Amino acid sequence: MFSQGLNTIDQIDGRRPIYLASLACQCIGTFGVATAQSVPQLLCWRVFQAFGSSSGLSVGMGVIGDIYKLEERGTASGIFFAAVLLGSALAPAVGGLSSTYYSWRMTQYGLLVFAAISLVMTIFFQPETSQPGARGVDEIIERDGKASWVWLNPFSCVAMLRSPNVLLTVRCIFFT
């Protein structure tokens with residue numbers, strides 16, 4: 001399916017523009033890392049590259065929340081994180097092999113190719129998944145009739161530790 005252009009203001013807010021900007025930053029940063037001539041250049045481009053790749057987890061989970069029913073989200077997020085963690089597990093071996101037989105710059109060029117393919121596929125095939133009115137903030141604005149502050153408590157998630165399953169999982173991950 002071909003993506004539509006940004007026709008309405010609702011399509012500017014969403015997940016697709018974040019993917020597009022992030023993948024563009026990742027492509028530019030990866031090219032910068034591959035062509036860096038000094039350590040300070042390498043570090044600056046590496047920060048830019050990381051900035052571009054950092055939205056993948058959070059926006060990816062947002063897309064899963066958009067397209068799957070509540071009962072299916074656990075399975076979808078499990079598959080999503082399995083793929084993410086498999087990539088993190090295989091990356092040192094693949095990077096080590098490519099830098100042993102070629103160069104560390106070839107690893108970066110390989111990342112550039114995959115990032116560019118992802119960018120092109122996002123441009124042409126990924127639709128916007130965030131729907132207007134589906135966010136909790138939209139409901140608050142509609143109820144009050146005007147935009148107002150939404151107060152978030154960052155420590156409210158600690159209440160989830162009352163569940164023994166969550167507590168045991170967090171404890172195992174914390175101590176490993």
# chains A, B, ... in the order shown; residues from 1 in each chain; ligands from 1
>>> residues_around(residues="Leu57 of chain A", least_positions_apart="4", cutoff="12 Å", atoms="only C-alpha atoms", output="list in words")
Arg15, Tyr19, Ser22, Gly52, Ser53, Met61, Gly62, Val63, Ile64, Ser77, Phe80, Phe81, Ala82, Ala83, Val84 and Leu85 of chain A
>>> closest_atom_pairs(of="segment 8-60 of chain A", to="segment 99-122 of chain A", cutoff="8 Å", atoms="only C-alpha atoms", output="CSV")
residue,atom,partner,partner_atom,distance
A:Arg16,CA,A:Thr122,CA,7.8
A:Tyr19,CA,A:Thr122,CA,7.6
A:Leu20,CA,A:Leu119,CA,6.5
A:Leu23,CA,A:Leu119,CA,5.7
A:Ala24,CA,A:Leu119,CA,7.0
A:Gln26,CA,A:Ala115,CA,6.8
A:Cys27,CA,A:Leu112,CA,5.6
A:Thr30,CA,A:Leu112,CA,5.7
A:Phe31,CA,A:Leu112,CA,6.5
A:Val33,CA,A:Gln108,CA,7.0
A:Ala34,CA,A:Arg105,CA,4.9
A:Thr35,CA,A:Arg105,CA,7.6
>>> write_last_selection(atoms="C-alpha atoms", output="PDB file, in the first residue's frame")
ATOM      1  CA  ARG A  16       5.100   8.094  10.903  1.00  0.00           C
ATOM      2  CA  TYR A  19       9.960   7.380  12.088  1.00  0.00           C
ATOM      3  CA  LEU A  20      10.866   9.451   9.035  1.00  0.00           C
ATOM      4  CA  LEU A  23      15.572   7.215  10.171  1.00  0.00           C
ATOM      5  CA  ALA A  24      16.912  10.248   8.316  1.00  0.00           C
ATOM      6  CA  GLN A  26      20.203   7.586  11.631  1.00  0.00           C
ATOM      7  CA  CYS A  27      21.247   7.516   7.962  1.00  0.00           C
ATOM      8  CA  THR A  30      25.778   6.424  10.259  1.00  0.00           C
ATOM      9  CA  PHE A  31      27.347   7.954   7.165  1.00  0.00           C
ATOM     10  CA  VAL A  33      30.455   7.660  11.645  1.00  0.00           C
ATOM     11  CA  ALA A  34      31.666   5.663   8.642  1.00  0.00           C
ATOM     12  CA  THR A  35      33.540   8.645   7.209  1.00  0.00           C
TER      13      THR A  35
END
>>> atom_distance(atom1="atom CA of Thr129 of chain A", atom2="atom CA of Gly65 of chain A")
9.2 Å
>>> select_by_dssp(residues="segment 1-119 of chain A", states="helix (DSSP H, G or I)", output="JSON, numbers by chain")
{"A": [9, 10, 11, 16, 17, 18, 19, 20, 21, 22, 23, 24, 25, 26, 27, 28, 29, 30, 31, 32, 33, 34, 39, 40, 41, 42, 43, 44, 45, 46, 47, 48, 49, 50, 51, 52, 53, 56, 57, 58, 59, 60, 61, 62, 63, 64, 65, 66, 67, 73, 74, 75, 76, 77, 78, 79, 80, 81, 82, 83, 84, 85, 86, 87, 88, 89, 90, 91, 92, 93, 94, 95, 96, 97, 98, 99, 100, 101, 104, 105, 106, 107, 108, 109, 110, 111, 112, 113, 114, 115, 116, 117, 118, 119]}
>>> atom_distance(atom1="atom CA of Ser55 of chain A", atom2="atom CA of Ile18 of chain A")
7.8 Å
>>> residues_around(residues="Arg46 of chain A", least_positions_apart="4", cutoff="9 Å", atoms="only C-alpha atoms", output="PyMOL selection string")
chain A and resi 29-30+32-33+41-42+50-51
>>> write_last_selection(atoms="C-alpha atoms", output="PDB file, in the first residue's frame")
ATOM      1  CA  GLY A  29      24.722   9.840  11.533  1.00  0.00           C
ATOM      2  CA  THR A  30      25.778   6.424  10.259  1.00  0.00           C
ATOM      3  CA  GLY A  32      29.136  10.445   9.428  1.00  0.00           C
ATOM      4  CA  VAL A  33      30.455   7.660  11.645  1.00  0.00           C
ATOM      5  CA  GLN A  41      34.203  13.484  14.843  1.00  0.00           C
ATOM      6  CA  LEU A  42      33.416   9.827  15.455  1.00  0.00           C
ATOM      7  CA  ALA A  50      22.093   7.148  18.402  1.00  0.00           C
ATOM      8  CA  PHE A  51      19.632  10.046  18.407  1.00  0.00           C
TER       9      PHE A  51
END
>>> atom_distance(atom1="atom CA of Val47 of chain A", atom2="atom CA of Phe155 of chain A")
28.9 Å
